[in-house]
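One structure is given below, encoded as structure tokens.
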Amino acid sequence: VYGSSLPLDERGVPFVTDATPRNPQSSYGTQKLMGELLVNDMSRKGFLDGRVVRLPTVVVRPGAPNAAASSFCSAIVRDPLTTQTPTNCPVAPDLPLCVKSPASVVESLILAHDLLEIEWQGNRTLNLPGLITTPMELVNAMGRAGGDTELISWNTDETIAAIVGSWPGYMLTPRALKMGFSVDANVDSVVSQFVTHHISTSDRL
């Protein structure tokens with residue numbers, strides 16, 4: 001199972017489907033597309049039984065921030081809740097984001113592995129369904145979970161904003177839903193999952 005990514009598409013289209021032509025707007029997206037093509041070709045030749053799932057942005061990631069352009073999506077929830085650290089959101093508060101919780105990602109990877117080859121109907125690549133939200137909705141959910149929303153600043157980083165702004169914000173995934181893949185219920189459930197699994201009871205008191 002190859003974990004690809006949604007940045008294979010540009011935001012210039014109203015929404016993205018499995019049939020949307022790939023048009024990466026970053027080197028990262030180009031590299032992911034190269035991996036997709038390799039998995040599909042190797043599967044076509046019978047060298048392996050590969051499956052490709054395009055992952056939405058994974059939120060909330062535990063641990064220290066990383067250098068990924070999407071790192072802020074987790075940081076604006078994680079850092080105020082765990083270390084009470086002031087955290088900047090480098091994109092507009094109303095920018096559409098397609099996200100998926102770690103638990104939902106794991107479930108999707110297992111399902112992609114377990115589905116029979118015939119269920120892929122000759123197309124080994126699939127957009128996974130994600131929850132459409134915004135940075136402001138994530139911050140508000142963090143506040144409802146007990147974090148301090150005043151720790152969030154909104155200073156735009158033009159480089160990051162340009163990268164994240166090139167990613168698709170809206171996804172239509174009827175094929176994935178028909179195959180049994182699911183989406184998180186709402187942004188509060190995504191944040192609650194992080195609190196439950198990564199913040200101790202004493203830290204919440």
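Lettering and numbering for the structure tokens are positional, with chains as A, B, ... in the shown order, residues counted from 1 in each chain, and ligands counted from 1 in the shown order.
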Can I get the residues of stretch 26-60 of chain A within 12 Å of stretch 176-182 of chain A, each with the closest pair of atoms and their distance in Å to one decimal, using only C-alpha atoms, sorted chain first then ascending number, as a tab-separated table?
residue	atom	partner	partner_atom	distance
A:Val52	CA	A:Ala176	CA	11.8
A:Val53	CA	A:Ala176	CA	9.6
A:Arg54	CA	A:Ala176	CA	10.7
A:Leu55	CA	A:Phe181	CA	11.9
**Message:** If we count only C-alpha atoms and set the cut-off at 10 Å, which residues sit around stretch 66-79 of chain A, ignoring sequence neighbours fewer than 4 positions away in its own chain? Please answer as a PyMOL selection string.
**Reply:** chain A and resi 57-62+83-91+97+99+134-136+138-143+145+147-149+151-153+159-164+191+194-195+198-199
**Request:** Could you find all residues in stretch 51-138 of chain A that DSSP calls strand (DSSP E or B) from the backbone, and write them as a PyMOL selection string?
**Result:** chain A and resi 52-55+57-58+87-88+97-100+125-127+131-133
**Request:** as a PyMOL selection string, list the residues of stretch 14-141 of chain A assigned to helix (DSSP H, G or I) by DSSP on the backbone atoms of this structure.
**Result:** chain A and resi 27-44+71-82+102-114+117-120+135-141
Since we have the selection now, will you write its residues out, keeping N, CA and C atoms, as a compact mmCIF listing (two decimals), in the first residue's frame?
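Contents of again33.txt, freshly written:
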# COMPACT_ATOMS: atom_id res chain seq x y z
N SER A 27 7.12 20.27 -6.08
CA SER A 27 8.01 19.12 -6.30
C SER A 27 7.54 17.91 -5.50
N TYR A 28 7.02 18.17 -4.29
CA TYR A 28 6.51 17.08 -3.45
C TYR A 28 5.40 16.34 -4.18
N GLY A 29 4.44 17.08 -4.74
CA GLY A 29 3.35 16.44 -5.46
C GLY A 29 3.83 15.68 -6.68
N THR A 30 4.82 16.23 -7.37
CA THR A 30 5.39 15.56 -8.54
C THR A 30 6.03 14.24 -8.15
N GLN A 31 6.76 14.23 -7.04
CA GLN A 31 7.40 13.00 -6.58
C GLN A 31 6.36 11.95 -6.20
N LYS A 32 5.29 12.39 -5.55
CA LYS A 32 4.23 11.45 -5.19
C LYS A 32 3.58 10.85 -6.43
N LEU A 33 3.36 11.67 -7.45
CA LEU A 33 2.76 11.17 -8.69
C LEU A 33 3.67 10.16 -9.37
N MET A 34 4.96 10.39 -9.35
CA MET A 34 5.91 9.42 -9.92
C MET A 34 5.79 8.08 -9.20
N GLY A 35 5.64 8.12 -7.86
CA GLY A 35 5.46 6.89 -7.10
C GLY A 35 4.18 6.17 -7.46
N GLU A 36 3.10 6.94 -7.65
CA GLU A 36 1.82 6.34 -8.05
C GLU A 36 1.94 5.60 -9.38
N LEU A 37 2.55 6.25 -10.35
CA LEU A 37 2.69 5.64 -11.67
C LEU A 37 3.53 4.38 -11.60
N LEU A 38 4.56 4.39 -10.76
CA LEU A 38 5.42 3.21 -10.62
C LEU A 38 4.64 2.05 -10.01
N VAL A 39 3.87 2.31 -8.95
CA VAL A 39 3.08 1.25 -8.31
C VAL A 39 2.06 0.68 -9.29
N ASN A 40 1.38 1.55 -10.03
CA ASN A 40 0.39 1.07 -10.99
C ASN A 40 1.03 0.25 -12.11
N ASP A 41 2.18 0.68 -12.60
CA ASP A 41 2.84 -0.05 -13.69
C ASP A 41 3.38 -1.39 -13.20
N MET A 42 3.97 -1.41 -12.01
CA MET A 42 4.47 -2.66 -11.46
C MET A 42 3.32 -3.65 -11.21
N SER A 43 2.16 -3.12 -10.81
CA SER A 43 0.99 -3.98 -10.60
C SER A 43 0.47 -4.50 -11.93
N ARG A 44 0.45 -3.63 -12.94
CA ARG A 44 0.00 -4.03 -14.27
C ARG A 44 0.84 -5.18 -14.81
N SER A 71 2.55 21.34 8.48
CA SER A 71 2.81 21.09 9.90
C SER A 71 1.94 21.96 10.81
N PHE A 72 1.63 23.16 10.37
CA PHE A 72 0.83 24.07 11.20
C PHE A 72 -0.56 23.53 11.49
N CYS A 73 -1.09 22.69 10.60
CA CYS A 73 -2.45 22.17 10.78
C CYS A 73 -2.57 21.40 12.10
N SER A 74 -1.52 20.67 12.44
CA SER A 74 -1.50 19.97 13.72
C SER A 74 -1.04 20.88 14.85
N ALA A 75 -0.06 21.75 14.55
CA ALA A 75 0.52 22.60 15.60
C ALA A 75 -0.50 23.52 16.25
N ILE A 76 -1.44 24.05 15.47
CA ILE A 76 -2.41 25.00 16.04
C ILE A 76 -3.40 24.32 16.97
N VAL A 77 -3.43 23.00 16.95
CA VAL A 77 -4.24 22.24 17.91
C VAL A 77 -3.36 21.66 19.00
N ARG A 78 -2.29 21.01 18.58
CA ARG A 78 -1.44 20.26 19.51
C ARG A 78 -0.71 21.15 20.51
N ASP A 79 -0.06 22.20 20.04
CA ASP A 79 0.84 22.97 20.91
C ASP A 79 0.10 23.71 22.03
N PRO A 80 -1.01 24.38 21.76
CA PRO A 80 -1.73 25.01 22.88
C PRO A 80 -2.27 24.00 23.90
N LEU A 81 -2.60 22.78 23.43
CA LEU A 81 -3.16 21.79 24.33
C LEU A 81 -2.08 21.06 25.15
N THR A 82 -0.88 20.93 24.60
CA THR A 82 0.15 20.12 25.27
C THR A 82 1.19 20.96 26.00
N PRO A 102 -5.43 10.54 12.47
CA PRO A 102 -4.53 9.38 12.39
C PRO A 102 -5.27 8.05 12.45
N ALA A 103 -6.26 7.94 13.32
CA ALA A 103 -7.00 6.67 13.43
C ALA A 103 -7.72 6.34 12.13
N SER A 104 -8.31 7.36 11.51
CA SER A 104 -9.01 7.14 10.25
C SER A 104 -8.03 6.76 9.14
N VAL A 105 -6.83 7.33 9.18
CA VAL A 105 -5.81 6.98 8.19
C VAL A 105 -5.40 5.52 8.35
N VAL A 106 -5.15 5.09 9.59
CA VAL A 106 -4.76 3.70 9.84
C VAL A 106 -5.85 2.74 9.36
N GLU A 107 -7.10 3.04 9.68
CA GLU A 107 -8.21 2.21 9.23
C GLU A 107 -8.24 2.12 7.70
N SER A 108 -7.98 3.25 7.05
CA SER A 108 -8.01 3.29 5.59
C SER A 108 -6.88 2.47 4.97
N LEU A 109 -5.70 2.54 5.55
CA LEU A 109 -4.56 1.77 5.04
C LEU A 109 -4.81 0.28 5.18
N ILE A 110 -5.38 -0.12 6.30
CA ILE A 110 -5.69 -1.54 6.51
C ILE A 110 -6.75 -2.01 5.51
N LEU A 111 -7.78 -1.20 5.31
CA LEU A 111 -8.83 -1.55 4.36
C LEU A 111 -8.28 -1.64 2.94
N ALA A 112 -7.42 -0.68 2.56
CA ALA A 112 -6.82 -0.71 1.23
C ALA A 112 -6.03 -2.00 1.01
N HIS A 113 -5.36 -2.45 2.04
CA HIS A 113 -4.60 -3.70 1.96
C HIS A 113 -5.52 -4.91 1.84
N ASP A 114 -6.62 -4.89 2.58
CA ASP A 114 -7.45 -6.09 2.68
C ASP A 114 -8.46 -6.24 1.54
N GLU A 117 -8.43 -7.63 -5.03
CA GLU A 117 -7.93 -6.94 -6.22
C GLU A 117 -9.07 -6.53 -7.16
N ILE A 118 -10.07 -7.38 -7.28
CA ILE A 118 -11.18 -7.10 -8.20
C ILE A 118 -11.98 -5.87 -7.77
N GLU A 119 -11.96 -5.56 -6.47
CA GLU A 119 -12.73 -4.43 -5.98
C GLU A 119 -12.13 -3.08 -6.39
N TRP A 120 -10.89 -3.11 -6.88
CA TRP A 120 -10.26 -1.87 -7.34
C TRP A 120 -10.62 -1.57 -8.79
N PRO A 135 -8.55 26.40 9.15
CA PRO A 135 -7.73 26.63 10.34
C PRO A 135 -8.54 27.21 11.51
N MET A 136 -9.44 28.13 11.23
CA MET A 136 -10.23 28.72 12.30
C MET A 136 -11.12 27.68 12.98
N GLU A 137 -11.70 26.77 12.20
CA GLU A 137 -12.52 25.72 12.81
C GLU A 137 -11.68 24.80 13.67
N LEU A 138 -10.45 24.51 13.25
CA LEU A 138 -9.56 23.69 14.06
C LEU A 138 -9.21 24.39 15.37
N VAL A 139 -8.92 25.68 15.29
CA VAL A 139 -8.59 26.45 16.50
C VAL A 139 -9.79 26.51 17.44
N ASN A 140 -10.97 26.73 16.91
CA ASN A 140 -12.16 26.78 17.75
C ASN A 140 -12.42 25.44 18.43
N ALA A 141 -12.18 24.35 17.71
CA ALA A 141 -12.34 23.02 18.30
C ALA A 141 -11.30 22.80 19.40
**Request:** Point out the residue among A:Asn127, A:Thr133, A:Trp154, A:Gln121 with the least atom-to-atom distance to A:Val190, counting only C-alpha atoms.
**Result:** A:Thr133
**Request:** Compile the contact shell of A:Gly130 as a list in words: residues with an atom at most 6 Å away, counting only C-alpha atoms, same-chain residues fewer than 2 positions apart removed.
**Result:**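 In the requested form, the answer reads Pro56, Cys98, Val99, Lys100 and Val183 of chain A.
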